[in-house]
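Note: the block below is target_16.cif and it holds mmCIF, C-alpha atoms and all ligand atoms; chains and numbers go by the auth columns.
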```cif
data_data
loop_
_atom_site.group_PDB
_atom_site.id
_atom_site.type_symbol
_atom_site.label_atom_id
_atom_site.label_comp_id
_atom_site.label_asym_id
_atom_site.label_seq_id
_atom_site.Cartn_x
_atom_site.Cartn_y
_atom_site.Cartn_z
_atom_site.B_iso_or_equiv
_atom_site.auth_seq_id
_atom_site.auth_asym_id
ATOM 1 C CA MET A 1 84.097 175.097 105.802 0.00 201 S
ATOM 2 C CA LYS A 2 86.451 173.202 103.585 0.00 202 S
ATOM 3 C CA GLU A 3 85.125 170.504 101.337 0.00 203 S
ATOM 4 C CA ILE A 4 85.040 166.726 101.698 0.00 204 S
ATOM 5 C CA GLN A 5 85.714 164.820 98.476 0.00 205 S
ATOM 6 C CA VAL A 6 84.853 161.117 98.385 0.00 206 S
ATOM 7 C CA ILE A 7 86.347 158.564 95.994 0.00 207 S
ATOM 8 C CA THR A 8 84.463 155.287 96.203 0.00 208 S
ATOM 9 C CA GLY A 9 83.431 152.205 94.234 0.00 209 S
ATOM 10 C CA CYS A 10 84.278 148.509 94.385 0.00 210 S
ATOM 11 C CA MET A 11 87.688 146.882 94.713 0.00 211 S
ATOM 12 C CA PHE A 12 90.206 147.226 91.865 0.00 212 S
ATOM 13 C CA ALA A 13 88.468 150.409 90.674 0.00 213 S
ATOM 14 C CA GLY A 14 91.542 152.640 91.138 0.00 214 S
ATOM 15 C CA LYS A 15 90.335 154.507 94.225 0.00 215 S
ATOM 16 C CA THR A 16 93.784 154.816 95.821 0.00 216 S
ATOM 17 C CA THR A 17 95.356 155.897 92.529 0.00 217 S
ATOM 18 C CA GLU A 18 92.759 158.659 92.202 0.00 218 S
ATOM 19 C CA LEU A 19 93.391 159.715 95.816 0.00 219 S
ATOM 20 C CA LEU A 20 97.164 159.920 95.305 0.00 220 S
ATOM 21 C CA ASN A 21 96.740 161.818 92.029 0.00 221 S
ATOM 22 C CA ARG A 22 94.492 164.398 93.694 0.00 222 S
ATOM 23 C CA LEU A 23 96.892 164.826 96.620 0.00 223 S
ATOM 24 C CA ARG A 24 99.852 165.261 94.288 0.00 224 S
ATOM 25 C CA ALA A 25 97.967 167.800 92.188 0.00 225 S
ATOM 26 C CA THR A 26 97.455 170.148 95.131 0.00 226 S
ATOM 27 C CA ASN A 27 99.846 172.974 95.951 0.00 227 S
ATOM 28 C CA ASP A 28 98.939 172.668 99.622 0.00 228 S
ATOM 29 C CA ASN A 29 100.684 170.623 102.276 0.00 229 S
ATOM 30 C CA TYR A 30 98.984 167.305 102.719 0.00 230 S
ATOM 31 C CA LEU A 31 99.093 164.327 105.013 0.00 231 S
ATOM 32 C CA LEU A 32 97.998 160.828 104.008 0.00 232 S
ATOM 33 C CA VAL A 33 96.393 158.631 106.643 0.00 233 S
ATOM 34 C CA LYS A 34 95.465 154.970 106.505 0.00 234 S
ATOM 35 C CA PRO A 35 94.074 152.513 109.061 0.00 235 S
ATOM 36 C CA VAL A 36 96.506 150.295 110.893 0.00 236 S
ATOM 37 C CA ILE A 37 94.304 147.259 110.196 0.00 237 S
ATOM 38 C CA ASP A 38 95.468 147.265 106.602 0.00 238 S
ATOM 39 C CA ASN A 39 98.644 145.175 106.495 0.00 239 S
ATOM 40 C CA ARG A 40 98.892 144.688 102.764 0.00 240 S
ATOM 41 C CA ASP A 41 101.622 147.280 102.346 0.00 241 S
ATOM 42 C CA SER A 42 105.007 147.699 103.887 0.00 242 S
ATOM 43 C CA GLU A 43 105.118 150.056 106.849 0.00 243 S
ATOM 44 C CA ASP A 44 104.036 153.655 106.162 0.00 244 S
ATOM 45 C CA ILE A 45 103.668 153.298 102.397 0.00 245 S
ATOM 46 C CA VAL A 46 100.465 153.249 100.393 0.00 246 S
ATOM 47 C CA CYS A 47 100.812 151.246 97.189 0.00 247 S
ATOM 48 C CA THR A 48 98.258 151.122 94.417 0.00 248 S
ATOM 49 C CA HIS A 49 97.565 148.150 92.169 0.00 249 S
ATOM 50 C CA ASP A 50 99.254 150.062 89.353 0.00 250 S
ATOM 51 C CA GLY A 51 102.436 150.808 91.274 0.00 251 S
ATOM 52 C CA LEU A 52 102.054 154.344 92.674 0.00 252 S
ATOM 53 C CA GLU A 53 103.537 154.845 96.137 0.00 253 S
ATOM 54 C CA GLU A 54 103.104 157.506 98.786 0.00 254 S
ATOM 55 C CA LYS A 55 104.160 157.853 102.405 0.00 255 S
ATOM 56 C CA ALA A 56 101.258 157.416 104.819 0.00 256 S
ATOM 57 C CA ILE A 57 100.709 157.568 108.546 0.00 257 S
ATOM 58 C CA ARG A 58 99.045 154.442 109.905 0.00 258 S
ATOM 59 C CA VAL A 59 96.578 155.135 112.695 0.00 259 S
ATOM 60 C CA ARG A 60 93.829 153.421 114.642 0.00 260 S
ATOM 61 C CA LYS A 61 91.699 156.581 114.602 0.00 261 S
ATOM 62 C CA VAL A 62 91.969 159.630 112.353 0.00 262 S
ATOM 63 C CA SER A 63 92.203 161.756 115.523 0.00 263 S
ATOM 64 C CA ASP A 64 95.645 160.196 116.118 0.00 264 S
ATOM 65 C CA VAL A 65 97.071 162.710 113.597 0.00 265 S
ATOM 66 C CA PHE A 66 95.418 165.807 115.076 0.00 266 S
ATOM 67 C CA ALA A 67 98.697 166.788 116.745 0.00 267 S
ATOM 68 C CA LEU A 68 100.473 166.819 113.355 0.00 268 S
ATOM 69 C CA LEU A 69 98.286 169.303 111.514 0.00 269 S
ATOM 70 C CA SER A 70 99.948 172.649 112.277 0.00 270 S
ATOM 71 C CA ASN A 71 101.194 173.117 108.699 0.00 271 S
ATOM 72 C CA ILE A 72 98.660 170.935 106.856 0.00 272 S
ATOM 73 C CA GLN A 73 95.837 172.132 104.600 0.00 273 S
ATOM 74 C CA VAL A 74 94.704 168.808 103.106 0.00 274 S
ATOM 75 C CA VAL A 75 94.218 165.396 104.725 0.00 275 S
ATOM 76 C CA GLY A 76 93.929 162.321 102.505 0.00 276 S
ATOM 77 C CA ILE A 77 92.399 159.179 103.984 0.00 277 S
ATOM 78 C CA ASP A 78 92.728 155.791 102.305 0.00 278 S
ATOM 79 C CA GLU A 79 90.695 152.630 103.030 0.00 279 S
ATOM 80 C CA ALA A 80 88.257 154.709 105.058 0.00 280 S
ATOM 81 C CA GLN A 81 85.793 151.825 105.388 0.00 281 S
ATOM 82 C CA PHE A 82 88.133 150.202 107.923 0.00 282 S
ATOM 83 C CA PHE A 83 87.762 153.036 110.447 0.00 283 S
ATOM 84 C CA THR A 84 85.010 152.862 113.071 0.00 284 S
ATOM 85 C CA MET A 85 82.170 155.383 113.206 0.00 285 S
ATOM 86 C CA SER A 86 84.457 157.644 115.277 0.00 286 S
ATOM 87 C CA ILE A 87 85.751 158.839 111.901 0.00 287 S
ATOM 88 C CA ILE A 88 82.603 160.963 111.536 0.00 288 S
ATOM 89 C CA ASP A 89 83.465 163.167 114.529 0.00 289 S
ATOM 90 C CA ASP A 90 87.075 163.298 113.362 0.00 290 S
ATOM 91 C CA LEU A 91 86.016 164.575 109.930 0.00 291 S
ATOM 92 C CA CYS A 92 83.880 167.266 111.581 0.00 292 S
ATOM 93 C CA TYR A 93 86.902 168.335 113.629 0.00 293 S
ATOM 94 C CA LEU A 94 89.051 168.608 110.480 0.00 294 S
ATOM 95 C CA GLN A 95 86.356 170.662 108.772 0.00 295 S
ATOM 96 C CA GLU A 96 86.230 173.031 111.731 0.00 296 S
ATOM 97 C CA LYS A 97 90.002 173.428 111.417 0.00 297 S
ATOM 98 C CA ASN A 98 89.465 174.473 107.785 0.00 298 S
ATOM 99 C CA ILE A 99 91.245 171.392 106.427 0.00 299 S
ATOM 100 C CA LYS A 100 90.192 169.910 103.119 0.00 300 S
ATOM 101 C CA ILE A 101 89.552 166.146 103.171 0.00 301 S
ATOM 102 C CA ILE A 102 89.976 163.734 100.279 0.00 302 S
ATOM 103 C CA ILE A 103 88.806 160.306 101.304 0.00 303 S
ATOM 104 C CA ALA A 104 88.894 156.979 99.466 0.00 304 S
ATOM 105 C CA GLY A 105 87.054 153.878 100.571 0.00 305 S
ATOM 106 C CA LEU A 106 84.983 150.892 99.595 0.00 306 S
ATOM 107 C CA GLU A 107 81.294 151.692 99.467 0.00 307 S
ATOM 108 C CA LYS A 108 80.032 148.118 99.826 0.00 308 S
ATOM 109 C CA ASP A 109 81.326 144.831 101.172 0.00 309 S
ATOM 110 C CA TYR A 110 81.551 141.485 99.368 0.00 310 S
ATOM 111 C CA LEU A 111 77.803 140.900 99.834 0.00 311 S
ATOM 112 C CA HIS A 112 77.166 144.365 98.339 0.00 312 S
ATOM 113 C CA LYS A 113 76.104 145.598 101.785 0.00 313 S
ATOM 114 C CA PRO A 114 77.139 149.205 102.467 0.00 314 S
ATOM 115 C CA PHE A 115 79.838 149.986 105.029 0.00 315 S
ATOM 116 C CA LYS A 116 78.010 152.140 107.603 0.00 316 S
ATOM 117 C CA SER A 117 80.783 154.667 108.004 0.00 317 S
ATOM 118 C CA MET A 118 81.101 155.159 104.228 0.00 318 S
ATOM 119 C CA THR A 119 77.357 155.748 103.839 0.00 319 S
ATOM 120 C CA LYS A 120 77.576 158.495 106.442 0.00 320 S
ATOM 121 C CA ILE A 121 80.770 159.968 104.963 0.00 321 S
ATOM 122 C CA ILE A 122 79.152 160.111 101.521 0.00 322 S
ATOM 123 C CA SER A 123 76.143 161.919 102.990 0.00 323 S
ATOM 124 C CA MET A 124 78.509 164.553 104.486 0.00 324 S
ATOM 125 C CA SER A 125 80.572 165.037 101.363 0.00 325 S
ATOM 126 C CA ASP A 126 80.595 167.824 98.795 0.00 326 S
ATOM 127 C CA SER A 127 81.558 165.579 95.883 0.00 327 S
ATOM 128 C CA VAL A 128 81.482 161.828 95.263 0.00 328 S
ATOM 129 C CA ILE A 129 83.016 159.868 92.421 0.00 329 S
ATOM 130 C CA ARG A 130 82.100 156.188 92.039 0.00 330 S
ATOM 131 C CA LEU A 131 84.857 154.499 90.078 0.00 331 S
ATOM 132 C CA LYS A 132 84.249 151.262 88.196 0.00 332 S
ATOM 133 C CA ALA A 133 86.517 148.277 87.835 0.00 333 S
ATOM 134 C CA THR A 134 86.589 145.781 84.977 0.00 334 S
ATOM 135 C CA CYS A 135 84.629 142.556 85.421 0.00 335 S
ATOM 136 C CA ASN A 136 87.052 139.706 85.988 0.00 336 S
ATOM 137 C CA ASN A 137 84.664 137.359 84.208 0.00 337 S
ATOM 138 C CA CYS A 138 83.354 139.218 81.136 0.00 338 S
ATOM 139 C CA GLY A 139 85.249 142.525 80.902 0.00 339 S
ATOM 140 C CA GLN A 140 82.266 144.861 81.332 0.00 340 S
ATOM 141 C CA ASP A 141 82.225 147.718 83.853 0.00 341 S
ATOM 142 C CA ALA A 142 82.183 146.210 87.342 0.00 342 S
ATOM 143 C CA SER A 143 80.930 147.617 90.633 0.00 343 S
ATOM 144 C CA TYR A 144 80.795 144.470 92.780 0.00 344 S
ATOM 145 C CA SER A 145 83.592 143.173 95.031 0.00 345 S
ATOM 146 C CA HIS A 146 83.281 139.396 95.033 0.00 346 S
ATOM 147 C CA ARG A 147 85.044 137.347 97.688 0.00 347 S
ATOM 148 C CA LYS A 148 86.298 134.165 96.098 0.00 348 S
ATOM 149 C CA ASN A 149 86.885 132.422 99.435 0.00 349 S
ATOM 150 C CA THR A 150 83.626 132.845 101.358 0.00 350 S
ATOM 151 C CA THR A 151 84.285 130.584 104.351 0.00 351 S
ATOM 152 C CA SER A 152 84.894 133.688 106.483 0.00 352 S
ATOM 153 C CA LYS A 153 81.848 135.776 107.406 0.00 353 S
ATOM 154 C CA GLN A 154 83.882 138.794 108.528 0.00 354 S
ATOM 155 C CA GLN A 155 82.903 142.013 106.772 0.00 355 S
ATOM 156 C CA LEU A 156 86.471 143.255 107.073 0.00 356 S
ATOM 157 C CA LEU A 157 88.541 140.459 105.532 0.00 357 S
ATOM 158 C CA ILE A 158 91.546 142.346 104.221 0.00 358 S
ATOM 159 C CA GLY A 159 91.683 142.305 100.472 0.00 359 S
ATOM 160 C CA ALA A 160 94.234 140.801 98.224 0.00 360 S
ATOM 161 C CA GLU A 161 93.935 139.624 94.668 0.00 361 S
ATOM 162 C CA ASN A 162 93.834 136.075 96.061 0.00 362 S
ATOM 163 C CA PHE A 163 90.581 136.631 97.898 0.00 363 S
ATOM 164 C CA TYR A 164 88.663 139.126 95.801 0.00 364 S
ATOM 165 C CA GLU A 165 87.723 139.949 92.246 0.00 365 S
ATOM 166 C CA ALA A 166 85.644 142.680 90.660 0.00 366 S
ATOM 167 C CA LEU A 167 82.476 141.534 88.898 0.00 367 S
ATOM 168 C CA CYS A 168 79.665 143.209 86.970 0.00 368 S
ATOM 169 C CA GLU A 169 76.142 142.887 88.324 0.00 369 S
ATOM 170 C CA GLU A 170 75.221 140.075 85.960 0.00 370 S
ATOM 171 C CA CYS A 171 78.257 137.912 86.719 0.00 371 S
ATOM 172 C CA PHE A 172 77.967 138.640 90.467 0.00 372 S
ATOM 173 C CA ASN A 173 74.351 137.476 90.505 0.00 373 S
ATOM 174 C CA ASN A 174 75.198 134.367 88.496 0.00 374 S
ATOM 175 C CA ILE A 175 78.026 133.374 90.829 0.00 375 S
ATOM 176 C CA ILE A 176 76.484 134.145 94.248 0.00 376 S
HETATM 177 ZN ZN ZN B . 80.695 140.329 84.069 0.00 401 U
#
```
As a first step, turn the structure in this file into structure tokens.
Amino acid sequence: MKEIQVITGCMFAGKTTELLNRLRATNDNYLLVKPVIDNRDSEDIVCTHDGLEEKAIRVRKVSDVFALLSNIQVVGIDEAQFFTMSIIDDLCYLQEKNIKIIIAGLEKDYLHKPFKSMTKIISMSDSVIRLKATCNNCGQDASYSHRKNTTSKQQLLIGAENFYEALCEECFNNII
């Protein structure tokens, strides 16, 4: 079976940049998938905070691209935490089809609670990298996504610089 690579960490850690770099480094044909819930970017384009761009297919479920895989050896998935648990079966299907998966997603929400689907994906994966951001308060390595506007209790509030910042553990615990 082909491998599953996971790129995770907090917000502003460069997860999407790492995903795009890995896809571009492959000599295989790849397809980039992202959830339709994410409306930060213009249609069909994944943008990173540092300006990289790549064409993506926006779907409600990863299985929505199963019909497009005839010539594809690698599937990249961005913002994986926004997919429902159905993503687990979809990843198994891709593995059975001998397709390599590179998947980027937030490991924990703004309360530092794990996203269920990401916990499961990480447990299935062959390699995991946890990228760090820079603390917005003190400049140390950061692994917490802090929501600056906490009036909403939704776990899935879509991120923009206006709503979130990366913090180190110390600053996160001082602010919360
Ligand atoms: Zn800090």
Distance limit 12 Å, reference ligand ZN 401 (chain U), atoms considered: all atoms listed in the file. Which residues make the cut? Give them as number ranges by chain. S: 333-346, 365-375
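Our summary of the geometry notes that CA of Thr216 in chain S is positioned 9.7 Å from CA of Asp250 in chain S.
Taking only C-alpha atoms into account, Gln295 in chain S lies nearest to S:Ile204 out of the set S:Ile204, S:Ile272, S:Leu232, S:Ile245.
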Taking all atoms listed in the file into account, which of S:Thr248, S:Ile257, S:Ala267, S:Ser325 comes nearest Met211 in chain S?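 Of S:Thr248, S:Ile257, S:Ala267, S:Ser325, the one nearest Met211 in chain S, counting all atoms listed in the file, is S:Thr248.
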Closest of S:Ala304, S:Val265, S:Ile299, S:Met285 to Ser317 in chain S - atom-to-atom distances counting all atoms listed in the file: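 Residue with the minimum atom-to-atom distance to Ser317 in chain S: S:Met285.
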Could you state the separation of CA of Ile329 in chain S and CA of Cys292 in chain S in Å, given to one decimal place?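 Answer for the CA of Ile329 in chain S to CA of Cys292 in chain S separation: 20.6 Å.
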Could you tell me how far CA of Met201 in chain S lies from CA of Glu307 in chain S, in Å and to one decimal? 24.4 Å
